[in-house]
file upload-v3.tsv (TSV, C-alpha atoms (C1' of nucleotides))
chain	number	residue	atom	x	y	z
A	1280	MET	CA	19.73	-24.18	-20.01
A	1281	THR	CA	21.20	-25.96	-17.01
A	1282	LYS	CA	19.48	-25.99	-13.66
A	1283	GLN	CA	22.13	-23.65	-12.33
A	1284	GLU	CA	21.61	-21.10	-15.09
A	1285	GLN	CA	17.90	-21.32	-14.55
A	1286	ILE	CA	18.33	-20.50	-10.89
A	1287	GLU	CA	20.59	-17.55	-11.64
A	1288	GLN	CA	17.99	-16.20	-14.01
A	1289	ALA	CA	15.33	-16.61	-11.37
A	1290	VAL	CA	17.42	-14.65	-8.86
A	1291	GLU	CA	17.96	-11.84	-11.32
A	1292	LYS	CA	14.32	-11.70	-12.33
A	1293	PHE	CA	13.29	-11.78	-8.71
A	1294	TRP	CA	15.25	-8.61	-8.04
A	1295	GLU	CA	13.84	-6.89	-11.08
A	1296	THR	CA	10.27	-7.87	-10.41
A	1297	ILE	CA	9.31	-8.43	-6.82
A	1298	PRO	CA	10.59	-5.34	-5.03
A	1299	PRO	CA	9.21	-2.85	-7.59
A	1300	ALA	CA	5.85	-4.62	-7.75
A	1301	TRP	CA	5.61	-4.59	-4.00
A	1302	HIS	CA	6.69	-0.97	-3.67
A	1303	ALA	CA	4.11	0.12	-6.20
A	1304	THR	CA	1.38	-1.87	-4.50
A	1305	ARG	CA	2.31	-0.60	-1.09
A	1306	ALA	CA	2.15	2.96	-2.34
A	1307	VAL	CA	-1.41	2.40	-3.53
A	1308	VAL	CA	-2.44	0.77	-0.26
A	1309	ARG	CA	-0.86	3.58	1.62
A	1310	GLY	CA	-2.71	6.16	-0.43
A	1311	ALA	CA	-6.12	4.52	-0.19
A	1312	ALA	CA	-5.83	3.32	3.37
A	1313	ALA	CA	-4.27	6.45	4.77
A	1314	GLU	CA	-6.35	9.02	2.97
A	1315	LYS	CA	-9.77	7.52	3.50
A	1316	PHE	CA	-9.42	5.48	6.65
A	1317	HIS	CA	-6.28	6.64	8.43
A	1318	LEU	CA	-4.80	3.18	8.33
A	1319	THR	CA	-1.12	2.49	7.83
A	1320	GLU	CA	-0.08	-0.15	5.33
A	1321	GLU	CA	1.00	-2.47	8.09
A	1322	GLN	CA	-2.38	-2.10	9.76
A	1323	PHE	CA	-4.09	-2.87	6.48
A	1324	GLN	CA	-2.14	-6.11	6.17
A	1325	VAL	CA	-3.08	-7.06	9.68
A	1326	LEU	CA	-6.78	-6.39	9.11
A	1327	ARG	CA	-6.64	-8.30	5.84
A	1328	ARG	CA	-5.10	-11.33	7.44
A	1329	ILE	CA	-7.39	-11.33	10.43
A	1330	ARG	CA	-10.30	-11.30	8.03
A	1331	ARG	CA	-8.75	-14.26	6.26
A	1332	GLY	CA	-8.56	-16.15	9.52
A	1333	SER	CA	-5.17	-15.47	11.05
A	1334	ALA	CA	-6.16	-14.97	14.61
A	1335	SER	CA	-3.13	-14.29	16.76
A	1336	VAL	CA	-0.10	-12.06	16.83
A	1337	SER	CA	2.21	-15.00	16.26
A	1338	ALA	CA	0.21	-16.34	13.34
A	1339	LEU	CA	0.21	-12.90	11.73
A	1340	ALA	CA	3.93	-12.50	12.19
A	1341	GLU	CA	4.56	-15.91	10.70
A	1342	ALA	CA	2.28	-15.27	7.75
A	1343	SER	CA	3.75	-11.90	6.91
A	1344	GLN	CA	7.35	-12.82	7.71
A	1345	THR	CA	7.89	-10.01	10.14
A	1346	SER	CA	8.54	-9.84	13.84
A	1347	ARG	CA	5.99	-10.41	16.56
A	1348	SER	CA	6.77	-7.02	18.01
A	1349	ALA	CA	5.95	-5.20	14.77
A	1350	VAL	CA	2.63	-7.01	14.54
A	1351	SER	CA	1.90	-6.47	18.19
A	1352	LYS	CA	2.17	-2.73	17.76
A	1353	ALA	CA	-0.05	-2.65	14.71
A	1354	VAL	CA	-2.65	-4.75	16.51
A	1355	GLU	CA	-2.49	-2.52	19.56
A	1356	ALA	CA	-3.27	0.53	17.39
A	1357	LEU	CA	-6.19	-1.28	15.74
A	1358	VAL	CA	-7.62	-2.40	19.07
A	1359	ARG	CA	-7.39	1.14	20.38
A	1360	ARG	CA	-9.31	2.35	17.35
A	1361	GLY	CA	-11.99	-0.26	17.86
A	1362	LEU	CA	-11.34	-2.12	14.60
A	1363	VAL	CA	-10.05	-5.32	16.19
A	1364	SER	CA	-11.10	-7.12	19.33
A	1365	ARG	CA	-8.84	-9.17	21.55
A	1366	SER	CA	-10.40	-11.96	23.56
A	1367	GLN	CA	-9.10	-14.67	25.86
A	1368	ASN	CA	-8.61	-18.27	24.94
A	1369	PRO	CA	-9.67	-20.33	27.98
A	1370	ASP	CA	-7.57	-23.27	26.81
A	1371	ASP	CA	-4.38	-21.24	26.66
A	1372	ARG	CA	-4.36	-17.97	28.44
A	1373	ARG	CA	-1.18	-16.81	26.71
A	1374	ASN	CA	-3.13	-16.77	23.49
A	1375	LEU	CA	-5.24	-13.71	22.69
A	1376	PRO	CA	-7.50	-14.48	19.71
A	1377	LEU	CA	-8.13	-11.56	17.39
A	1378	ALA	CA	-11.23	-10.72	15.42
A	1379	LEU	CA	-12.57	-7.83	13.39
A	1380	THR	CA	-15.21	-5.70	15.05
A	1381	ASP	CA	-18.20	-4.60	12.98
A	1382	GLU	CA	-16.46	-1.33	12.39
A	1383	GLY	CA	-13.32	-3.23	11.39
A	1384	GLN	CA	-15.29	-5.22	8.86
A	1385	ARG	CA	-16.78	-2.08	7.43
A	1386	VAL	CA	-13.44	-0.29	7.09
A	1387	MET	CA	-11.80	-3.36	5.68
A	1388	ALA	CA	-14.41	-3.76	3.00
A	1389	GLY	CA	-13.84	-0.19	1.90
A	1390	VAL	CA	-10.07	-0.32	1.71
A	1391	TYR	CA	-9.89	-3.78	0.28
A	1392	ASP	CA	-12.27	-2.99	-2.52
A	1393	GLU	CA	-10.16	-0.08	-3.57
A	1394	THR	CA	-6.78	-1.80	-3.53
A	1395	GLU	CA	-8.21	-4.97	-5.00
A	1396	GLN	CA	-9.57	-2.96	-7.87
A	1397	TRP	CA	-6.17	-1.46	-8.51
A	1398	LEU	CA	-4.50	-4.86	-8.45
A	1399	SER	CA	-7.23	-6.32	-10.65
A	1400	ALA	CA	-6.59	-3.55	-13.14
A	1401	ARG	CA	-2.91	-4.58	-13.32
A	1402	PHE	CA	-3.82	-8.18	-13.92
A	1403	THR	CA	-6.48	-7.36	-16.48
A	1404	ARG	CA	-3.65	-6.29	-18.75
A	1405	LEU	CA	-2.57	-9.90	-19.00
A	1406	THR	CA	-3.89	-12.52	-21.36
A	1407	ALA	CA	-5.55	-15.59	-19.86
A	1408	GLU	CA	-2.36	-17.56	-20.49
A	1409	GLU	CA	-0.22	-14.95	-18.80
A	1410	THR	CA	-2.52	-14.87	-15.80
A	1411	GLU	CA	-2.36	-18.63	-15.64
A	1412	SER	CA	1.43	-18.56	-15.67
A	1413	LEU	CA	1.35	-15.86	-13.01
A	1414	LEU	CA	-0.73	-18.11	-10.76
A	1415	LEU	CA	1.62	-21.04	-11.27
A	1416	GLY	CA	4.66	-18.85	-10.78
A	1417	MET	CA	3.39	-17.40	-7.53
A	1418	GLU	CA	2.67	-20.88	-6.29
A	1419	SER	CA	6.29	-21.80	-7.03
A	1420	LEU	CA	7.48	-18.68	-5.29
A	1421	ARG	CA	5.38	-19.46	-2.24
A	1422	LYS	CA	6.80	-22.96	-2.17
A	1423	ALA	CA	10.37	-21.71	-2.52
A	1424	PHE	CA	9.92	-19.44	0.48
A	1425	THR	CA	7.99	-21.73	2.77
A	1426	THR	CA	9.54	-25.16	2.31
A	1427	PRO	CA	11.63	-25.76	5.39
B	1493	MET	CA	-12.65	-20.74	-14.63
B	1494	THR	CA	-13.67	-17.40	-16.05
B	1495	LYS	CA	-11.21	-14.61	-16.63
B	1496	GLN	CA	-12.71	-12.71	-13.71
B	1497	GLU	CA	-12.29	-15.61	-11.31
B	1498	GLN	CA	-8.75	-16.05	-12.51
B	1499	ILE	CA	-7.98	-12.44	-11.73
B	1500	GLU	CA	-9.51	-12.68	-8.27
B	1501	GLN	CA	-7.36	-15.71	-7.57
B	1502	ALA	CA	-4.30	-13.84	-8.75
B	1503	VAL	CA	-5.06	-10.94	-6.42
B	1504	GLU	CA	-5.48	-13.29	-3.49
B	1505	LYS	CA	-2.31	-15.22	-4.27
B	1506	PHE	CA	-0.44	-11.99	-4.74
B	1507	TRP	CA	-1.24	-10.93	-1.18
B	1508	GLU	CA	-0.29	-14.31	0.21
B	1509	THR	CA	2.95	-14.59	-1.71
B	1510	ILE	CA	4.64	-11.34	-2.63
B	1511	PRO	CA	4.73	-9.40	0.64
B	1512	PRO	CA	6.00	-12.33	2.75
B	1513	ALA	CA	8.61	-13.30	0.16
B	1514	TRP	CA	9.83	-9.76	-0.02
B	1515	HIS	CA	9.86	-9.28	3.75
B	1516	ALA	CA	11.87	-12.44	4.21
B	1517	THR	CA	14.33	-11.46	1.51
B	1518	ARG	CA	14.71	-7.98	2.83
B	1519	ALA	CA	15.45	-9.34	6.28
B	1520	VAL	CA	18.30	-11.40	4.85
B	1521	VAL	CA	19.70	-8.49	2.90
B	1522	ARG	CA	19.45	-6.35	5.95
B	1523	GLY	CA	21.30	-8.89	8.02
B	1524	ALA	CA	24.10	-9.55	5.56
B	1525	ALA	CA	24.47	-6.00	4.32
B	1526	ALA	CA	24.22	-4.36	7.70
B	1527	GLU	CA	26.35	-6.72	9.68
B	1528	LYS	CA	29.27	-7.07	7.32
B	1529	PHE	CA	29.24	-3.88	5.34
B	1530	HIS	CA	27.11	-1.39	7.25
B	1531	LEU	CA	24.80	-0.95	4.29
B	1532	THR	CA	21.07	-0.44	4.61
B	1533	GLU	CA	18.76	-2.48	2.44
B	1534	GLU	CA	17.89	0.58	0.40
B	1535	GLN	CA	21.57	1.27	-0.21
B	1536	PHE	CA	22.06	-2.32	-1.28
B	1537	GLN	CA	19.34	-1.97	-3.89
B	1538	VAL	CA	20.89	1.22	-5.17
B	1539	LEU	CA	24.34	-0.35	-5.48
B	1540	ARG	CA	22.84	-3.35	-7.19
B	1541	ARG	CA	21.03	-1.29	-9.75
B	1542	ILE	CA	23.94	0.98	-10.44
B	1543	ARG	CA	26.00	-2.10	-11.11
B	1544	ARG	CA	23.31	-3.26	-13.50
B	1545	GLY	CA	23.51	-0.01	-15.37
B	1546	SER	CA	20.94	2.35	-13.85
B	1547	ALA	CA	22.94	5.51	-13.75
B	1548	SER	CA	20.89	8.33	-12.34
B	1549	VAL	CA	18.68	9.10	-9.37
B	1550	SER	CA	15.61	9.29	-11.57
B	1551	ALA	CA	16.33	6.01	-13.31
B	1552	LEU	CA	16.83	4.32	-9.96
B	1553	ALA	CA	13.60	5.71	-8.59
B	1554	GLU	CA	11.71	4.60	-11.66
B	1555	ALA	CA	13.23	1.12	-11.57
B	1556	SER	CA	12.55	0.55	-7.92
B	1557	GLN	CA	9.17	2.30	-7.85
B	1558	THR	CA	10.06	4.65	-5.06
B	1559	SER	CA	10.48	8.39	-4.84
B	1560	ARG	CA	13.42	10.37	-6.15
B	1561	SER	CA	13.97	11.82	-2.72
B	1562	ALA	CA	14.35	8.42	-1.10
B	1563	VAL	CA	16.89	7.39	-3.72
B	1564	SER	CA	18.69	10.68	-3.51
B	1565	LYS	CA	19.28	10.19	0.18
B	1566	ALA	CA	20.58	6.67	-0.25
B	1567	VAL	CA	22.91	7.80	-3.03
B	1568	GLU	CA	24.15	10.67	-0.93
B	1569	ALA	CA	25.12	8.26	1.85
B	1570	LEU	CA	26.91	5.98	-0.60
B	1571	VAL	CA	28.83	8.85	-2.17
B	1572	ARG	CA	29.88	10.04	1.26
B	1573	ARG	CA	31.18	6.55	2.01
B	1574	GLY	CA	33.11	6.46	-1.25
B	1575	LEU	CA	31.16	3.57	-2.76
B	1576	VAL	CA	29.54	5.57	-5.53
B	1577	SER	CA	30.88	8.40	-7.65
B	1578	ARG	CA	28.79	11.22	-9.07
B	1579	SER	CA	30.03	12.87	-12.23
B	1580	GLN	CA	28.70	15.57	-14.53
B	1581	ASN	CA	27.04	14.98	-17.84
B	1582	PRO	CA	28.29	17.73	-20.19
B	1583	ASP	CA	25.25	17.28	-22.42
B	1584	ASP	CA	22.79	17.88	-19.61
B	1585	ARG	CA	24.13	19.44	-16.51
B	1586	ARG	CA	21.05	18.56	-14.51
B	1587	ASN	CA	21.98	14.93	-14.89
B	1588	LEU	CA	24.55	13.47	-12.50
B	1589	PRO	CA	25.64	10.05	-13.79
B	1590	LEU	CA	26.40	7.51	-11.07
B	1591	ALA	CA	28.98	4.75	-11.04
B	1592	LEU	CA	30.44	2.32	-8.55
B	1593	THR	CA	33.90	3.12	-7.27
B	1594	ASP	CA	36.41	0.29	-6.94
B	1595	GLU	CA	35.51	0.04	-3.29
B	1596	GLY	CA	31.84	0.00	-4.26
B	1597	GLN	CA	32.47	-2.88	-6.63
B	1598	ARG	CA	34.29	-4.79	-3.96
B	1599	VAL	CA	31.60	-4.31	-1.33
B	1600	MET	CA	28.86	-5.12	-3.80
B	1601	ALA	CA	30.49	-8.37	-4.78
B	1602	GLY	CA	30.62	-9.42	-1.15
B	1603	VAL	CA	27.05	-8.58	-0.26
B	1604	TYR	CA	25.55	-9.78	-3.49
B	1605	ASP	CA	27.22	-13.15	-3.25
B	1606	GLU	CA	25.75	-13.69	0.15
B	1607	THR	CA	22.20	-12.69	-0.62
B	1608	GLU	CA	22.28	-14.37	-3.98
B	1609	GLN	CA	23.31	-17.55	-2.30
B	1610	TRP	CA	20.39	-17.32	0.05
B	1611	LEU	CA	17.96	-16.71	-2.78
B	1612	SER	CA	19.53	-19.48	-4.82
B	1613	ALA	CA	19.01	-21.80	-1.90
B	1614	ARG	CA	15.28	-20.98	-1.92
B	1615	PHE	CA	15.01	-21.67	-5.61
B	1616	THR	CA	17.02	-24.86	-5.43
B	1617	ARG	CA	14.08	-26.34	-3.57
B	1618	LEU	CA	12.06	-26.17	-6.76
B	1619	THR	CA	11.99	-28.69	-9.57
B	1620	ALA	CA	13.12	-27.56	-13.01
B	1621	GLU	CA	9.48	-27.27	-14.05
B	1622	GLU	CA	8.60	-25.17	-11.03
B	1623	THR	CA	11.55	-22.88	-11.66
B	1624	GLU	CA	10.47	-22.54	-15.25
B	1625	SER	CA	6.96	-21.57	-14.20
B	1626	LEU	CA	8.45	-19.14	-11.68
B	1627	LEU	CA	10.37	-17.43	-14.48
B	1628	LEU	CA	7.29	-17.19	-16.65
B	1629	GLY	CA	5.17	-15.99	-13.78
B	1630	MET	CA	7.58	-13.25	-12.81
B	1631	GLU	CA	7.67	-12.11	-16.40
B	1632	SER	CA	3.88	-11.84	-16.31
B	1633	LEU	CA	4.05	-9.97	-13.04
B	1634	ARG	CA	6.60	-7.55	-14.44
B	1635	LYS	CA	4.37	-6.97	-17.43
B	1636	ALA	CA	1.30	-6.42	-15.29
B	1637	PHE	CA	3.10	-3.73	-13.33
B	1638	THR	CA	4.91	-1.95	-16.11
B	1639	THR	CA	2.42	-1.86	-18.97
B	1640	PRO	CA	1.12	1.69	-19.07
C	634	DT	C1'	5.66	-32.70	41.57
C	635	DG	C1'	9.04	-29.09	40.81
C	636	DG	C1'	11.57	-26.49	38.05
C	637	DA	C1'	13.71	-25.65	33.38
C	638	DA	C1'	12.62	-24.64	28.77
C	639	DA	C1'	9.47	-23.08	25.49
C	640	DT	C1'	5.77	-20.05	23.87
C	641	DA	C1'	2.47	-15.82	23.51
C	642	DG	C1'	2.58	-11.33	23.77
C	643	DT	C1'	4.15	-6.38	25.09
C	644	DT	C1'	7.19	-2.46	25.47
C	645	DG	C1'	11.31	0.63	25.11
C	646	DT	C1'	14.58	2.09	22.11
C	647	DA	C1'	16.89	3.04	18.12
C	648	DC	C1'	17.17	3.38	13.42
C	649	DA	C1'	15.70	2.56	8.47
C	650	DA	C1'	12.45	3.79	4.90
C	651	DT	C1'	9.72	6.88	2.85
C	652	DG	C1'	6.78	10.47	0.95
C	653	DC	C1'	5.62	15.24	0.42
C	654	DA	C1'	6.42	19.86	-0.26
C	655	DA	C1'	9.49	23.39	-1.18
C	656	DC	C1'	13.69	24.59	-3.21
C	657	DT	C1'	17.70	25.30	-6.96
C	658	DA	C1'	19.52	24.57	-11.36
C	659	DT	C1'	19.00	23.49	-15.94
C	660	DT	C1'	16.80	22.43	-20.30
C	661	DC	C1'	12.97	22.35	-23.54
C	662	DA	C1'	9.07	24.09	-26.25
C	663	DC	C1'	7.43	27.48	-29.15
D	966	DG	C1'	12.89	34.87	-24.15
D	967	DT	C1'	9.47	33.25	-21.02
D	968	DG	C1'	6.81	29.47	-19.07
D	969	DA	C1'	6.61	24.52	-18.55
D	970	DA	C1'	9.09	20.48	-17.65
D	971	DT	C1'	12.95	17.79	-15.64
D	972	DA	C1'	17.03	16.40	-12.43
D	973	DG	C1'	18.20	16.49	-8.13
D	974	DT	C1'	18.40	17.89	-2.98
D	975	DT	C1'	16.75	18.90	1.61
D	976	DG	C1'	13.67	19.58	5.79
D	977	DC	C1'	10.17	17.49	8.04
D	978	DA	C1'	7.03	14.17	9.58
D	979	DT	C1'	5.66	9.57	9.98
D	980	DT	C1'	5.79	4.60	9.34
D	981	DG	C1'	8.11	0.28	9.56
D	982	DT	C1'	11.02	-2.63	11.86
D	983	DA	C1'	14.12	-5.37	14.65
D	984	DC	C1'	16.25	-6.49	18.93
D	985	DA	C1'	16.45	-7.14	23.62
D	986	DA	C1'	14.34	-7.32	27.91
D	987	DC	C1'	10.23	-8.19	30.24
D	988	DT	C1'	5.67	-10.75	32.12
D	989	DA	C1'	2.59	-14.49	32.02
D	990	DT	C1'	1.55	-18.99	30.96
D	991	DT	C1'	2.20	-23.72	29.44
D	992	DT	C1'	4.85	-27.86	28.45
D	993	DC	C1'	8.32	-31.16	29.20
D	994	DC	C1'	10.56	-34.47	31.80
D	995	DA	C1'	13.40	-36.47	35.63
call {"tool": "encode", "arguments": {"input": "upload-v3.tsv", "output": "structure tokens"}}
result
Amino acid sequence: MTKQEQIEQAVEKFWETIPPAWHATRAVVRGAAAEKFHLTEEQFQVLRRIRRGSASVSALAEASQTSRSAVSKAVEALVRRGLVSRSQNPDDRRNLPLALTDEGQRVMAGVYDETEQWLSARFTRLTAEETESLLLGMESLRKAFTTP
Amino acid sequence: MTKQEQIEQAVEKFWETIPPAWHATRAVVRGAAAEKFHLTEEQFQVLRRIRRGSASVSALAEASQTSRSAVSKAVEALVRRGLVSRSQNPDDRRNLPLALTDEGQRVMAGVYDETEQWLSARFTRLTAEETESLLLGMESLRKAFTTP
DNA sequence: TGGAAATAGTTGTACAATGCAACTATTCAC
DNA sequence: GTGAATAGTTGCATTGTACAACTATTTCCA
């Protein structure tokens, strides 16, 4: 198999794999987050990333590959609901660091557990070797999409 | 690394990899498809899958993990624009087989080339080994999400 | 130092994406 | 032949999203 054929295969498999997997996952997040906590999927992603350390609108937009304005609106809704706090960075007053409030932490733990369990259930279907190849493959995918 | 740890890593990597990759790709499709051909991203996916052989609203919904109603609306728009034809299946009159019209084929070729090129460019950044692991990993991902 | 360019973030607007529930038409199961 | 299942559509409500225009602040550099 030439490099070129390999790439064509990857493109084809990408289409067949990534969008459906993401749609299915998003549907689960939407169900769990909306029903129990009145969070939208976008808001869930924002909470998740803030918990992981992304602490500004720009960082969130960069990490999730969406626009600053979309993130800004999600954050605004979360701040209004008291799940996220916005503070001021004295070193750069354009920058508004974000953090989870206690309530945000609590909500996040609940939603995350549920969706993580669902995802874990998918991955439990795989053998150890398949899971290993999944990890390697996702690392390659990440590299393909982030290398400048 | 225990199986459980492996799965937790996979969940984490999934969140960090799949949504951003998909968002970025969708943005490109949206740009190319919208600007040159006035297609929405959803319509692009439908055209793509019809070309690949998915020939009914239900099959499309199943393949893309979305609802029949969402697909139905996209198909309706494409039929109205003359890119897709709906026929009747004499063996089951509930079933309305779909096919690309000549114009649909032409448009699809144009859009697909462009987005495929963009995706190919991402994957060209990878070594042969990385591309190989990407292929294996996506196969695992597909399995994780389709096994009943 | 003064101003141009860059960056962080917000908001208005418009449209795309989507699910759900209710509906029709048809087929299947027994 | 009737009730359950399936294919598909439509109305409605809501989310997701980008783009462009805007403010506020910082950085760059001549």
call {"tool": "residues_around", "arguments": {"input": "upload-v3.tsv", "residues": "DT660 in chain C", "least_positions_apart": "5", "cutoff": "12 Å", "atoms": "all atoms listed in the file", "output": "PyMOL selection string"}}
result
(chain B and resi 1583-1587) or (chain D and resi 969-972)
call {"tool": "closest_residue", "arguments": {"input": "upload-v3.tsv", "among": "C:DA650, C:DA641, C:DA658, C:DC663", "to": "DT980 in chain D", "atoms": "only C-alpha atoms (C1' of nucleotides)"}}
result
C:DA650
call {"tool": "atom_distance", "arguments": {"input": "upload-v3.tsv", "atom1": "C1' of DC648 in chain C", "atom2": "CA of Leu1592 in chain B"}}
result
25.7 Å
call {"tool": "interface_residues", "arguments": {"input": "upload-v3.tsv", "of": "chain B", "to": "chain D", "cutoff": "10 Å", "atoms": "only C-alpha atoms (C1' of nucleotides)", "output": "list in words"}}
result
Ala1519, Ser1548, Val1549, Ser1550, Arg1560, Ser1561, Ser1564, Lys1565, Glu1568, Asp1584, Arg1585, Arg1586, Asn1587 and Leu1588 of chain B
call {"tool": "residues_near_point", "arguments": {"input": "upload-v3.tsv", "point": "(-7.1, -5.9, -5.8)", "cutoff": "10 Å", "atoms": "all atoms listed in the file", "output": "PyMOL selection string"}}
result
(chain A and resi 1304+1308+1390-1402) or (chain B and resi 1499-1504+1506-1507)
call {"tool": "atom_distance", "arguments": {"input": "upload-v3.tsv", "atom1": "CA of Thr1425 in chain A", "atom2": "CA of Arg1328 in chain A"}}
result
17.4 Å
call {"tool": "closest_residue", "arguments": {"input": "upload-v3.tsv", "among": "A:Val1325, A:Ala1349, A:Ala1378, A:Ala1342", "to": "chain B", "atoms": "all atoms listed in the file"}}
result
A:Ala1342
call {"tool": "interface_residues", "arguments": {"input": "upload-v3.tsv", "of": "chain C", "to": "chain A", "cutoff": "9 Å", "atoms": "all atoms listed in the file", "output": "VMD selection string"}}
result
chain C and resid 640 to 644
call {"tool": "residues_around", "arguments": {"input": "upload-v3.tsv", "residues": "Leu1633 in chain B", "least_positions_apart": "6", "cutoff": "9 Å", "atoms": "only C-alpha atoms (C1' of nucleotides)", "output": "VMD selection string"}}
result
chain A and resid 1296 to 1297 1300 1401 to 1402 1405 1409 to 1410 1413
call {"tool": "closest_residue", "arguments": {"input": "upload-v3.tsv", "among": "A:Leu1339, A:Val1307, A:Val1358, A:Ala1407", "to": "chain B", "atoms": "only C-alpha atoms"}}
result
A:Ala1407
call {"tool": "atom_distance", "arguments": {"input": "upload-v3.tsv", "atom1": "CA of Phe1316 in chain A", "atom2": "CA of Met1387 in chain A"}}
result
9.2 Å
call {"tool": "closest_residue", "arguments": {"input": "upload-v3.tsv", "among": "A:Gln1322, A:Gln1367, A:Ser1343, A:Thr1281", "to": "chain B", "atoms": "only C-alpha atoms"}}
result
A:Ser1343
call {"tool": "axis_aligned_box", "arguments": {"input": "upload-v3.tsv", "around": "range 641-644 of chain C", "padding_each_side": "8 Å", "output": "lines of an AutoDock Vina configuration file"}}
result
center_x = 4.8
center_y = -9.1
center_z = 24.5
size_x = 20.7
size_y = 29.4
size_z = 18.0
call {"tool": "closest_residue", "arguments": {"input": "upload-v3.tsv", "among": "B:Gly1629, B:Gly1596, B:Gly1523, B:Pro1589", "to": "chain A", "atoms": "only C-alpha atoms"}}
result
B:Gly1629
call {"tool": "closest_residue", "arguments": {"input": "upload-v3.tsv", "among": "A:Arg1359, A:Arg1327, A:His1302, A:His1317", "to": "chain B", "atoms": "all atoms listed in the file"}}
result
A:His1302
call {"tool": "build_atoms", "arguments": {"input": "upload-v3.tsv", "residues": "range 1616-1621 of chain B", "atoms": "all heavy atoms", "output": "PDB file, in the frame of the given file"}}
result
ATOM      1  N   THR B1616      16.538 -23.508  -5.232  1.00  0.00           N
ATOM      2  CA  THR B1616      17.020 -24.860  -5.430  1.00  0.00           C
ATOM      3  C   THR B1616      16.007 -25.885  -4.923  1.00  0.00           C
ATOM      4  O   THR B1616      16.026 -27.045  -5.320  1.00  0.00           O
ATOM      5  CB  THR B1616      18.372 -25.039  -4.702  1.00  0.00           C
ATOM      6  OG1 THR B1616      19.283 -24.071  -5.218  1.00  0.00           O
ATOM      7  CG2 THR B1616      18.950 -26.422  -4.924  1.00  0.00           C
ATOM      8  N   ARG B1617      15.109 -25.427  -4.069  1.00  0.00           N
ATOM      9  CA  ARG B1617      14.080 -26.340  -3.570  1.00  0.00           C
ATOM     10  C   ARG B1617      13.080 -26.712  -4.652  1.00  0.00           C
ATOM     11  O   ARG B1617      12.267 -27.632  -4.473  1.00  0.00           O
ATOM     12  CB  ARG B1617      13.301 -25.665  -2.445  1.00  0.00           C
ATOM     13  CG  ARG B1617      14.162 -25.309  -1.264  1.00  0.00           C
ATOM     14  CD  ARG B1617      13.447 -24.280  -0.438  1.00  0.00           C
ATOM     15  NE  ARG B1617      14.102 -24.113   0.852  1.00  0.00           N
ATOM     16  CZ  ARG B1617      13.697 -23.252   1.771  1.00  0.00           C
ATOM     17  NH1 ARG B1617      12.641 -22.506   1.537  1.00  0.00           N
ATOM     18  NH2 ARG B1617      14.334 -23.168   2.904  1.00  0.00           N
ATOM     19  N   LEU B1618      13.066 -25.944  -5.727  1.00  0.00           N
ATOM     20  CA  LEU B1618      12.060 -26.170  -6.760  1.00  0.00           C
ATOM     21  C   LEU B1618      12.562 -27.170  -7.802  1.00  0.00           C
ATOM     22  O   LEU B1618      13.767 -27.283  -8.037  1.00  0.00           O
ATOM     23  CB  LEU B1618      11.729 -24.850  -7.455  1.00  0.00           C
ATOM     24  CG  LEU B1618      11.228 -23.716  -6.548  1.00  0.00           C
ATOM     25  CD1 LEU B1618      11.005 -22.448  -7.364  1.00  0.00           C
ATOM     26  CD2 LEU B1618       9.954 -24.116  -5.818  1.00  0.00           C
ATOM     27  N   THR B1619      11.633 -27.843  -8.421  1.00  0.00           N
ATOM     28  CA  THR B1619      11.990 -28.690  -9.570  1.00  0.00           C
ATOM     29  C   THR B1619      12.271 -27.775 -10.759  1.00  0.00           C
ATOM     30  O   THR B1619      11.958 -26.582 -10.734  1.00  0.00           O
ATOM     31  CB  THR B1619      10.832 -29.623  -9.942  1.00  0.00           C
ATOM     32  OG1 THR B1619       9.735 -28.813 -10.398  1.00  0.00           O
ATOM     33  CG2 THR B1619      10.360 -30.443  -8.753  1.00  0.00           C
ATOM     34  N   ALA B1620      12.842 -28.350 -11.806  1.00  0.00           N
ATOM     35  CA  ALA B1620      13.120 -27.560 -13.010  1.00  0.00           C
ATOM     36  C   ALA B1620      11.824 -26.968 -13.574  1.00  0.00           C
ATOM     37  O   ALA B1620      11.799 -25.814 -14.022  1.00  0.00           O
ATOM     38  CB  ALA B1620      13.809 -28.424 -14.065  1.00  0.00           C
ATOM     39  N   GLU B1621      10.753 -27.756 -13.517  1.00  0.00           N
ATOM     40  CA  GLU B1621       9.480 -27.270 -14.050  1.00  0.00           C
ATOM     41  C   GLU B1621       8.962 -26.095 -13.208  1.00  0.00           C
ATOM     42  O   GLU B1621       8.439 -25.120 -13.739  1.00  0.00           O
ATOM     43  CB  GLU B1621       8.417 -28.381 -14.054  1.00  0.00           C
ATOM     44  CG  GLU B1621       8.685 -29.512 -15.038  1.00  0.00           C
ATOM     45  CD  GLU B1621       9.857 -30.386 -14.601  1.00  0.00           C
ATOM     46  OE1 GLU B1621      10.021 -30.588 -13.375  1.00  0.00           O
ATOM     47  OE2 GLU B1621      10.624 -30.833 -15.481  1.00  0.00           O
TER      48      GLU B1621
END
